[in-house]
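Asks: Just passing along the structure, written as structure tokens.
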Number of protein chains: 2
Amino acid sequence: MAREKRLPTISDVAKLAQVSRATVSRAFGRPELIGEETVKRVLRAAKELGYQPNQTARALSTGRHTNIAIVVPDVANPFFPPLIRAAQAGADAAGYSVFLGDSDEDADREHTLTQRLALQVEGFILASSRMQDEQISELAERRPLVLVNRDTRGIPRVLIDAAAGIHAAVEHLAQLGHRRIVYVSGPSNSWSDQERRRALKRAVRKAGMESVAIGARRASFEAGRQVVAEVRGTGATAAITFDDLVAHGLLAGLLEHGVSVPREFSVIGCDDVLGASTFPALTSISARCDAAGQIAFDLLMKAMQGAESADVRCVLESRLAVRATTGAAPARSSRKA
Amino acid sequence: MAREKRLPTISDVAKLAQVSRATVSRAFGRPELIGEETVKRVLRAAKELGYQPNQTARALSTGRHTNIAIVVPDVANPFFPPLIRAAQAGADAAGYSVFLGDSDEDADREHTLTQRLALQVEGFILASSRMQDEQISELAERRPLVLVNRDTRGIPRVLIDAAAGIHAAVEHLAQLGHRRIVYVSGPSNSWSDQERRRALKRAVRKAGMESVAIGARRASFEAGRQVVAEVRGTGATAAITFDDLVAHGLLAGLLEHGVSVPREFSVIGCDDVLGASTFPALTSISARCDAAGQIAFDLLMKAMQGAESADVRCVLESRLAVRATTGAAPARSSRKA
DNA sequence: CTGTTAGCGCATTCAC
DNA sequence: GTGAATGCGCTAACAG
């Protein structure tokens, strides 16, 4: 098959252009170092042969791969694609190619993945990393590294701060007459989850309300759906969930159990990735995850260029997008303490 | 910075294990060629130094990169993540790393992307490629290549065949009393779009109905939303859209225009990626895109192993998932021919 | 400005 | 079984 045809190398171009291989190399890498005429001649020869510089060889020689890696726990989780897309766009514009790693929510796999990739990339973007701080730091020592939704000191990171949105959410619920909120949590090794849980506790206290947390097994539709009984058992009249997927599942489960939303129960999601596509349209804590991806790449770019900058910690604010799953608390019935 | 620390190479290991570099190389690549004792000694030395074979150097020497690339028009389109995820999982299990390319629906960018990647990967998966057949064939000549949702002769491909689902959809609409269907198309350079359009035409004829096609600019929510007037202008009582995103947008637009679904108008999507999350829950033509990803990788794997197999053309059937956006055709009013 | 030389880290002939 | 030598394609000093 034609696939075996040897590709033209720098030597072929050199011969055709009647210059040395070094000159060809320069014509591509640093044209300003050689004569305009020469550059043109070389380029013409290269085009004629269909020559294309070999990244691999270049990388071996220079250590620069012009590759980066983006690692996420689950590509199929709608939170990540916009982030990946944005980062990818930035990388593309800068001439970088991107590896994608999916850890399947597993710290070990993430570790293996990053190790395997480390020698082929110049830098990493780790989104919602499930690894331990230690492993992250270790990796950061080998390669420039930017974290998304993970707050590890000393490592450049972009955080989506749910606090503002959560405070708004709690106030919103308070005004609607709710007194007791349940938080349906996500992966326990998730920074976002801990952060949200903490913010909620604070907001609730400030509003003079009560809250209780229960765990969803995983950040997914199914997990949300299966937790309905437990949610109802808490006596809460409203739920804030780890993310929109869980909220969506909860919505479906509630419906199955004959619970009307928002008349009997209110639901607020996080991330706002489902837009208005659920029914009722989901009230959600919104943040621009595409912006996070873009910023993450910019930071990585700087780090790769050797900027030994101070501790970068970029936080993106969130806000509450009120839609149709929140309503007045149901009139108090039985359990009056 | 610690990042500059030189990594241990094969030579370091060789020295420590008191063998030659060749032996170290073999200990990793083909242990059966050397003594068990020696292997153990080398491996121990390697571990002690934290040695890790350098992929780049290996690739330069052998031509085998243990990398593949997956290229899609838009990562953020919910059709692709499950596919990517499945392919990625397969690759991971086989020890391959994966590059992700996002062409942003643009043939030229896709071409650039694939060219840039070609020297770093052993094979490609092109999902819903926007390139011309010619460019695809050219690439296929350089590297093993598997297509998804693109029917190019001579190149291994996995196709999601909407025909079955579309026929079911049309029959479904026929039974509900609809006589005139509008197809809201997607990217014109999309194989899927052409295929769906064709299947629809056939199905409609068979059912003795009429159909008309109009174009959405892009496969997106917004595109669907903006096309409402045109859709209504066709006099059709039901729409089948290129994909769920467009259907979802159409739903939203219809709502804005005060058109009740499904009472006044029925909508059917394609791909079934939104699940039951829209309102009303979207009737859609469903196919398992994760299976497509998995199969695509398996095929690629075979191709990379040199299987010069016959023309592979794997088609996955689709079916109709009836939900709540389809209902009886509205009573005929004004325009009676 | 341009050519020469010497590796980058590894796999692979050949000898032994 | 194992070691010495050679080359993958390119860049980076160092000369001139």
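Identifiers in this document derive from the order of the structure tokens: chains are assigned A, B, ..., residues are numbered from 1 separately in each chain, and ligands are numbered from 1 in order of occurrence.
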Dump as CSV the rows for residues of chain B within 8 Å of chain C: closest atom pair and distance in Å with one decimal, only C-alpha atoms (C1' of nucleotides) counted, ordered by chain and rising residue number.
Replies:
residue,atom,partner,partner_atom,distance
B:Thr9,CA,C:DG9,C1',6.8
B:Ile10,CA,C:DG9,C1',7.2
B:Ala22,CA,C:DA11,C1',7.9
B:Ser25,CA,C:DA11,C1',7.2
B:Asn54,CA,C:DG9,C1',6.7
B:Ala57,CA,C:DG9,C1',5.0
B:Arg58,CA,C:DC10,C1',5.1
B:Ser61,CA,C:DA11,C1',6.1
B:Thr62,CA,C:DA11,C1',6.7
Asks: Those selected residues, please, written with N, CA and C atoms and delivered as a JSON list (two decimals), in the first residue's frame.
Replies:
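Printed below is out_39.json as written:
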[["chain", "number", "residue", "atom", "x", "y", "z"],
["B", 9, "THR", "N", 17.74, 8.23, 31.14],
["B", 9, "THR", "CA", 17.58, 7.65, 29.81],
["B", 9, "THR", "C", 17.97, 6.18, 29.86],
["B", 10, "ILE", "N", 17.89, 5.60, 28.72],
["B", 10, "ILE", "CA", 18.21, 4.20, 28.61],
["B", 10, "ILE", "C", 19.66, 3.93, 29.01],
["B", 22, "ALA", "N", 21.39, -1.61, 24.37],
["B", 22, "ALA", "CA", 20.56, -2.51, 23.57],
["B", 22, "ALA", "C", 19.79, -3.48, 24.46],
["B", 25, "SER", "N", 16.91, -1.81, 26.08],
["B", 25, "SER", "CA", 15.84, -1.65, 25.10],
["B", 25, "SER", "C", 15.06, -2.95, 24.95],
["B", 54, "ASN", "N", 11.10, 6.67, 26.42],
["B", 54, "ASN", "CA", 10.68, 7.91, 25.77],
["B", 54, "ASN", "C", 9.95, 7.63, 24.45],
["B", 57, "ALA", "N", 11.30, 9.34, 21.19],
["B", 57, "ALA", "CA", 12.49, 8.74, 20.62],
["B", 57, "ALA", "C", 12.15, 7.41, 19.97],
["B", 58, "ARG", "N", 11.34, 6.67, 20.66],
["B", 58, "ARG", "CA", 10.95, 5.38, 20.12],
["B", 58, "ARG", "C", 10.23, 5.54, 18.79],
["B", 61, "SER", "N", 12.42, 6.37, 15.94],
["B", 61, "SER", "CA", 13.22, 5.24, 15.52],
["B", 61, "SER", "C", 12.40, 4.17, 14.80],
["B", 62, "THR", "N", 11.19, 3.98, 15.26],
["B", 62, "THR", "CA", 10.40, 2.87, 14.72],
["B", 62, "THR", "C", 9.27, 3.30, 13.79]]
Asks: Here is a test: counting only C-alpha atoms, which residue of A:Val184, A:Ala91, A:Met209, A:Ala127 is nearest to A:Ile240?
Replies: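 Once distances to A:Ile240 are computed over only C-alpha atoms, the minimum belongs to A:Val184.
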Asks: Could you tell me which of B:Val148, B:Ala247, B:Val39, B:Ala239 comes closest to chain D if we count only C-alpha atoms (C1' of nucleotides)?
Replies: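 That would be B:Val39, the residue with the smallest distance to chain D.
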Asks: Output as JSON lines one row per residue of chain B within 12 Å of chain D: the closest atom pair and its distance in Å to one decimal place, counting only C-alpha atoms (C1' of nucleotides), sorted by chain and residue number ascending.
Replies:
{"residue": "B:Ala14", "atom": "CA", "partner": "D:DG3", "partner_atom": "C1'", "distance": 11.6}
{"residue": "B:Gln18", "atom": "CA", "partner": "D:DG3", "partner_atom": "C1'", "distance": 11.5}
{"residue": "B:Val19", "atom": "CA", "partner": "D:DT2", "partner_atom": "C1'", "distance": 8.3}
{"residue": "B:Ser20", "atom": "CA", "partner": "D:DG3", "partner_atom": "C1'", "distance": 6.2}
{"residue": "B:Arg21", "atom": "CA", "partner": "D:DG3", "partner_atom": "C1'", "distance": 8.6}
{"residue": "B:Ala22", "atom": "CA", "partner": "D:DG3", "partner_atom": "C1'", "distance": 7.5}
{"residue": "B:Thr23", "atom": "CA", "partner": "D:DT2", "partner_atom": "C1'", "distance": 7.0}
{"residue": "B:Val24", "atom": "CA", "partner": "D:DT2", "partner_atom": "C1'", "distance": 10.6}
{"residue": "B:Ser25", "atom": "CA", "partner": "D:DT2", "partner_atom": "C1'", "distance": 11.9}
{"residue": "B:Arg26", "atom": "CA", "partner": "D:DT2", "partner_atom": "C1'", "distance": 10.4}
{"residue": "B:Ala27", "atom": "CA", "partner": "D:DT2", "partner_atom": "C1'", "distance": 11.7}
{"residue": "B:Pro31", "atom": "CA", "partner": "D:DG1", "partner_atom": "C1'", "distance": 11.2}
{"residue": "B:Glu32", "atom": "CA", "partner": "D:DG1", "partner_atom": "C1'", "distance": 10.3}
{"residue": "B:Leu33", "atom": "CA", "partner": "D:DG1", "partner_atom": "C1'", "distance": 7.4}
{"residue": "B:Ile34", "atom": "CA", "partner": "D:DG1", "partner_atom": "C1'", "distance": 5.5}
{"residue": "B:Gly35", "atom": "CA", "partner": "D:DG1", "partner_atom": "C1'", "distance": 6.5}
{"residue": "B:Glu36", "atom": "CA", "partner": "D:DG1", "partner_atom": "C1'", "distance": 10.3}
{"residue": "B:Glu37", "atom": "CA", "partner": "D:DG1", "partner_atom": "C1'", "distance": 11.0}
{"residue": "B:Thr38", "atom": "CA", "partner": "D:DG1", "partner_atom": "C1'", "distance": 9.5}
{"residue": "B:Val39", "atom": "CA", "partner": "D:DG1", "partner_atom": "C1'", "distance": 11.3}
{"residue": "B:Thr56", "atom": "CA", "partner": "D:DC8", "partner_atom": "C1'", "distance": 10.9}
{"residue": "B:Ala57", "atom": "CA", "partner": "D:DC8", "partner_atom": "C1'", "distance": 8.6}
{"residue": "B:Arg58", "atom": "CA", "partner": "D:DC8", "partner_atom": "C1'", "distance": 9.1}
{"residue": "B:Ala59", "atom": "CA", "partner": "D:DC8", "partner_atom": "C1'", "distance": 8.6}
{"residue": "B:Leu60", "atom": "CA", "partner": "D:DC8", "partner_atom": "C1'", "distance": 5.2}
{"residue": "B:Ser61", "atom": "CA", "partner": "D:DC8", "partner_atom": "C1'", "distance": 4.5}
{"residue": "B:Thr62", "atom": "CA", "partner": "D:DC8", "partner_atom": "C1'", "distance": 7.4}
{"residue": "B:Gly63", "atom": "CA", "partner": "D:DC8", "partner_atom": "C1'", "distance": 8.3}
{"residue": "B:Arg64", "atom": "CA", "partner": "D:DC8", "partner_atom": "C1'", "distance": 11.5}
{"residue": "B:Leu119", "atom": "CA", "partner": "D:DG9", "partner_atom": "C1'", "distance": 11.7}
Asks: Could you save those same residues with C-alpha atoms as a PDB file, in the first residue's frame?
Replies:
ATOM      1  CA  ALA B  14      22.220   0.397  31.252  1.00  0.00           C
ATOM      2  CA  GLN B  18      25.707  -3.195  34.023  1.00  0.00           C
ATOM      3  CA  VAL B  19      24.469  -4.037  30.601  1.00  0.00           C
ATOM      4  CA  SER B  20      24.445  -2.364  27.232  1.00  0.00           C
ATOM      5  CA  ARG B  21      21.754   0.027  26.074  1.00  0.00           C
ATOM      6  CA  ALA B  22      20.558  -2.509  23.567  1.00  0.00           C
ATOM      7  CA  THR B  23      19.823  -4.917  26.342  1.00  0.00           C
ATOM      8  CA  VAL B  24      17.791  -2.373  28.209  1.00  0.00           C
ATOM      9  CA  SER B  25      15.842  -1.654  25.095  1.00  0.00           C
ATOM     10  CA  ARG B  26      15.117  -5.330  24.668  1.00  0.00           C
ATOM     11  CA  ALA B  27      14.180  -5.776  28.277  1.00  0.00           C
ATOM     12  CA  PRO B  31      12.028  -9.536  26.915  1.00  0.00           C
ATOM     13  CA  GLU B  32      11.865 -13.001  25.405  1.00  0.00           C
ATOM     14  CA  LEU B  33      15.077 -12.318  23.540  1.00  0.00           C
ATOM     15  CA  ILE B  34      17.219 -12.068  26.628  1.00  0.00           C
ATOM     16  CA  GLY B  35      17.795 -13.929  29.846  1.00  0.00           C
ATOM     17  CA  GLU B  36      15.223 -13.807  32.575  1.00  0.00           C
ATOM     18  CA  GLU B  37      17.809 -12.779  35.089  1.00  0.00           C
ATOM     19  CA  THR B  38      18.941  -9.922  32.957  1.00  0.00           C
ATOM     20  CA  VAL B  39      15.426  -8.708  32.387  1.00  0.00           C
ATOM     21  CA  THR B  56       9.112  10.315  21.101  1.00  0.00           C
ATOM     22  CA  ALA B  57      12.490   8.744  20.617  1.00  0.00           C
ATOM     23  CA  ARG B  58      10.947   5.378  20.122  1.00  0.00           C
ATOM     24  CA  ALA B  59       8.571   6.745  17.552  1.00  0.00           C
ATOM     25  CA  LEU B  60      11.340   8.451  15.673  1.00  0.00           C
ATOM     26  CA  SER B  61      13.219   5.244  15.518  1.00  0.00           C
ATOM     27  CA  THR B  62      10.402   2.866  14.722  1.00  0.00           C
ATOM     28  CA  GLY B  63       7.692   4.956  13.158  1.00  0.00           C
ATOM     29  CA  ARG B  64       5.204   3.622  15.664  1.00  0.00           C
ATOM     30  CA  LEU B 119       3.197  12.573  11.548  1.00  0.00           C
TER      31      LEU B 119
END
Asks: Residues of chain B no more than 6 Å from chain A, counting only C-alpha atoms: send them over as number ranges by chain.
Replies: B: 2-3, 75-76, 81-82, 98-100, 141-142, 277-279
Asks: As a compact mmCIF listing (two decimals) with N, CA, C and O atoms, in the first residue's frame, list the residues of stretch 58-113 of chain B assigned to strand (DSSP E) by DSSP on the backbone atoms of this structure.
Replies:
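Heads up, here's the output in result-v2.txt:
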# COMPACT_ATOMS: atom_id res chain seq x y z
N ASN B 67 -0.12 6.57 19.12
CA ASN B 67 -1.07 7.68 19.27
C ASN B 67 -2.09 7.56 18.15
O ASN B 67 -1.75 7.11 17.05
N ILE B 68 -3.30 7.95 18.43
CA ILE B 68 -4.27 8.09 17.35
C ILE B 68 -4.91 9.47 17.47
O ILE B 68 -4.73 10.15 18.48
N ALA B 69 -5.65 9.86 16.46
CA ALA B 69 -6.33 11.14 16.52
C ALA B 69 -7.81 10.95 16.22
O ALA B 69 -8.18 10.15 15.37
N ILE B 70 -8.62 11.67 16.97
CA ILE B 70 -10.05 11.71 16.67
C ILE B 70 -10.38 13.13 16.29
O ILE B 70 -10.05 14.07 17.02
N VAL B 71 -11.00 13.28 15.15
CA VAL B 71 -11.33 14.63 14.70
C VAL B 71 -12.84 14.77 14.54
O VAL B 71 -13.48 13.93 13.92
N VAL B 72 -13.38 15.81 15.12
CA VAL B 72 -14.82 16.06 15.05
C VAL B 72 -15.07 17.51 14.64
O VAL B 72 -14.19 18.34 14.77
N SER B 97 -2.54 6.73 23.12
CA SER B 97 -2.99 8.04 23.56
C SER B 97 -3.75 8.69 22.42
O SER B 97 -3.50 8.37 21.26
N VAL B 98 -4.64 9.60 22.75
CA VAL B 98 -5.43 10.16 21.67
C VAL B 98 -5.39 11.68 21.58
O VAL B 98 -5.53 12.38 22.57
N PHE B 99 -5.16 12.12 20.36
CA PHE B 99 -5.25 13.54 20.04
C PHE B 99 -6.70 13.85 19.72
O PHE B 99 -7.39 13.04 19.09
N LEU B 100 -7.15 15.01 20.14
CA LEU B 100 -8.48 15.44 19.76
C LEU B 100 -8.41 16.66 18.87
O LEU B 100 -7.74 17.64 19.19
N GLY B 101 -9.09 16.60 17.74
CA GLY B 101 -9.14 17.76 16.85
C GLY B 101 -10.56 18.26 16.71
O GLY B 101 -11.48 17.47 16.58
N ASP B 102 -10.73 19.55 16.77
CA ASP B 102 -12.04 20.16 16.57
C ASP B 102 -11.94 21.08 15.36
O ASP B 102 -11.24 22.08 15.38
Asks: Name the residues of stretch 166-230 of chain B that come out as alpha helix (DSSP H) in a backbone DSSP run; write them as a VMD selection string.
Replies: chain B and resid 166 to 175 191 to 206 221 to 225 228 to 230
Asks: Write out as number ranges by chain each polymer residue whose atoms come within 8 Å of A:Asp311, counting only C-alpha atoms (C1' of nucleotides); drop sequence neighbours fewer than 3 positions from it.
Replies: A: 153-156
Asks: Just to confirm, what's the straight-line distance from atom CA of B:Tyr183 to atom CA of B:Ala213 in Å (one decimal)?
Replies: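 Rounded to one decimal, the two atoms are 4.5 Å apart.
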Asks: Please compute the atom CA of A:Ile166-atom CA of A:Ala199 distance, one decimal, in Å.
Replies: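 Separating atom CA of A:Ile166 from atom CA of A:Ala199 is a distance of 6.7 Å.
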